[in-house]
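Below you'll find the structure, written out as structure tokens, and then a few comments.
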Number of protein chains: 2
Amino acid sequence: MITVSTSKRESYHHGDLRAALIEAGLKLIEERGADDVGLREAARAVGVSATAIYRHFPDKGAFLQALAQAGLERLAAAQIAASDAAGGGAAGFNATGRAYVRFALANPGLFRLIFSTAKGDPLDWDNAPDDAMRLLRDNAVRLVAKERGAEEAKLFALHSWALVHGLAVLMLDGMVAVDDALIDRVIDVRKVEC
Amino acid sequence: MITVSTSKRESYHHGDLRAALIEAGLKLIEERGADDVGLREAARAVGVSATAIYRHFPDKGAFLQALAQAGLERLAAAQIAASDAAGGGAAGFNATGRAYVRFALANPGLFRLIFSTAKGDPLDWDNAPDDAMRLLRDNAVRLVAKERGAEEAKLFALHSWALVHGLAVLMLDGMVAVDDALIDRVIDVRKVEC
DNA sequence: GCCCTATGTGAACAGCATCAACATTGGACG
DNA sequence: CGTCCAATGTTGATGCTGTTCACATAGGGC
């Protein structure tokens with residue numbers, strides 16, 4: 001059995017240090033900002049030597065990228081859950097957008113990390129690599145493609161994504177006061193107009 | 001006369017170290033990322049001791065904030081220029097949006113810095129403190145208020161801002177391929193639908 | 001012309017990421 | 001069952017960083 005715990009261990013080897021480090025890193029991200037996550041601190045939280053991390057990640061960037069990947073999976077899960085809860089379709093798509101913004105507000109550091117480091121990959125829409133992105137694209141296509149064609153669907157998806165992403169980031173950065181009702185209204189404006 | 005130059009100085013005092021540091025900082029931002037700007041490095045670029053910065057800024061955060069302020073002014077100037085060039089009105093408003101995204105793509109590090117650190121101030125729409133924000137609000141109000149009322153104008157402005165900001169950030173982070181024509185189309189979609 | 005204050009310097013400290021050499025161990029293979 | 005190796009963790013060191021403190025310099029007000 002693999003014990004992923006932050007308590008002291010008795011054996012020289014940890015068991016699953018990589019998972020434990022990611023767990024600790026995620027906790028650190030939500031406590032402090034994502035910028036203040038340090039390798040040494042994460043190692044300390046797990047109760048392991050600072051340089052042990054290098055047996056599992058080539059450098060700090062790779063560690064943060066792993067955290068971002070874990071965060072992206074959580075974001076995707078939140079969107080899927082929201083879409084399902086709304087019963088799919090157009091209502092589900094709008095719920096997806098709201099979930100996107102709410103996830104950002106609930107996990108500021110993690111959300112920023114997901115989109116912070118240039119992870120390359122200018123997202124090929126036709127072969128979306130990530131669950132969250134695939135969900136977005138598929139929903140957009142399903143909603144729009146039949147009436148207006150695939151090209152319009154892409155544009156609609158990008159438009160929707162940019163809207164919710166921008167709203168999330170602006171609220172996260174304190175440029176726009178966080179207001180749950182406002183989120184609904186901004187997103188709904190788009191819906192009404194389409 | 002104040003000489004703001006990065007060359008060696010002969011006098012013990014610098015003349016206008018604060019301005020020189022900001023200039024050097026802006027240059028460093030566009031060379032490396034905004035995260036990699038260091039006090040020591042900026043001081044080195046100006047040819048001054050590392051700790052001299054503390055005579056002009058209380059700490060690194062304040063220095064970065066000053067850089068962000070300078071960046072915001074440039075962003076505002078770019079938007080105003082674009083709006084004027086398009087002749088104001090609806091065309092000017094859309095030009096503002098395009099200028100916003102293009103500025104972000106042309107100055108990635110600077111743009112990120114502007115919106116990175118939580119600078120507080122959840123932006124009071126009725127007393128917009130920054131030029132860029134005031135421009136955005138005034139244009140939105142001018143375009144929409146007369147037909148639909150002030151409340152709708154706020155919503156329209158926020159919607160527009162979130163859209164261009166989201167598009168800019170997504171392209172900046174490599175999530176969406178940079179495509180000049182695509183920018184126009186996404187922004188125009190909004191115009192068409194309103 | 002003197003002095004005070006603003007401004008710049010140097011050495012020092014703690015914390016950071018990272019590297020190199022060494023220690024420990026679990027498991028593969030005889 | 002025993003041996004050895006590769007994976008994993010540790011210790012020490014290096015050069016970077018932001019920041020503090022005591023000190024140096026000089027320009028402007030009296």
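Residues in the structure tokens are named by chain (A, B, ... in the order shown) and by number from 1 within that chain; ligands are numbered from 1 in the order shown.
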
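Non-sequential neighbours of DC30 of chain D (distance at most 12 Å, separation of 3 or more positions within a chain, only C-alpha atoms (C1' of nucleotides)) are DG1, DC2, DC3 and DC4 of chain C.
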
Inset, instruction - Provide as an NGL selection string the residues of chain C at most 10 Å from chain A, counting only C-alpha atoms (C1' of nucleotides). - result: :C and (15-19 or 24-26)

Inset, instruction - Identify which of the residues B:Leu143, B:Ala157, B:Leu135, B:Ala95 lies closest to Asp184 of chain B, counting only C-alpha atoms when measuring atom-to-atom distances. - result: B:Ala95

Inset, instruction - Could you tell me, as a PyMOL selection string, which residues of segment 36-92 of chain B DSSP assigns to alpha helix (DSSP H) when given the backbone? - result: chain B and resi 39-46+60-85+89-92

Inset, instruction - Hey, list the chain D side of the contact with chain A: 7 Å cut-off, only C-alpha atoms (C1' of nucleotides), answer as a list in words. - result: DT8, DG9 and DT10 of chain D

Can you write just those residues out, N, CA, C and O atoms (P, O5', C5', C4', C3', O3' and C1' of nucleotides), as a PDB file, in the first residue's frame?
```
ATOM      1  P    DT D   8      12.780   5.776  -8.773  1.00  0.00           P
ATOM      2  O5'  DT D   8      13.208   6.397  -7.372  1.00  0.00           O
ATOM      3  C5'  DT D   8      12.999   5.627  -6.197  1.00  0.00           C
ATOM      4  C4'  DT D   8      13.849   6.140  -5.082  1.00  0.00           C
ATOM      5  C3'  DT D   8      13.643   7.615  -4.719  1.00  0.00           C
ATOM      6  O3'  DT D   8      13.030   7.684  -3.447  1.00  0.00           O
ATOM      7  C1'  DT D   8      15.916   6.962  -4.617  1.00  0.00           C
ATOM      8  P    DG D   9      12.556   9.117  -2.857  1.00  0.00           P
ATOM      9  O5'  DG D   9      13.754   9.526  -1.880  1.00  0.00           O
ATOM     10  C5'  DG D   9      13.974   8.772  -0.687  1.00  0.00           C
ATOM     11  C4'  DG D   9      15.222   9.266   0.020  1.00  0.00           C
ATOM     12  C3'  DG D   9      15.247  10.763   0.343  1.00  0.00           C
ATOM     13  O3'  DG D   9      15.543  10.948   1.728  1.00  0.00           O
ATOM     14  C1'  DG D   9      17.247  10.118  -0.729  1.00  0.00           C
ATOM     15  P    DT D  10      15.863  12.421   2.319  1.00  0.00           P
ATOM     16  O5'  DT D  10      17.457  12.441   2.310  1.00  0.00           O
ATOM     17  C5'  DT D  10      18.167  11.419   3.005  1.00  0.00           C
ATOM     18  C4'  DT D  10      19.601  11.853   3.259  1.00  0.00           C
ATOM     19  C3'  DT D  10      19.772  13.297   3.758  1.00  0.00           C
ATOM     20  O3'  DT D  10      20.754  13.324   4.761  1.00  0.00           O
ATOM     21  C1'  DT D  10      21.021  12.987   1.773  1.00  0.00           C
TER      22       DT D  10
END
```

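Rounded to one decimal, atom CA of Ala42 of chain B and atom CA of Ala19 of chain B lie 11.8 Å from each other.
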
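One finds atom CA of Asp16 of chain B at 15.5 Å from atom CA of Arg44 of chain B.
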
Inset, instruction - Could you give me, as a ChimeraX atom specification, the residues within 7 Å of segment 27-29 of chain A, counting only C-alpha atoms (C1' of nucleotides) and dropping anything in the same chain fewer than 6 positions from it? - result: /A:37,109-110

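Each of B:Ile80, B:Asp36, B:Phe93, B:Val141 was compared to chain A using only C-alpha atoms, and B:Asp36 turns out to be the nearest.
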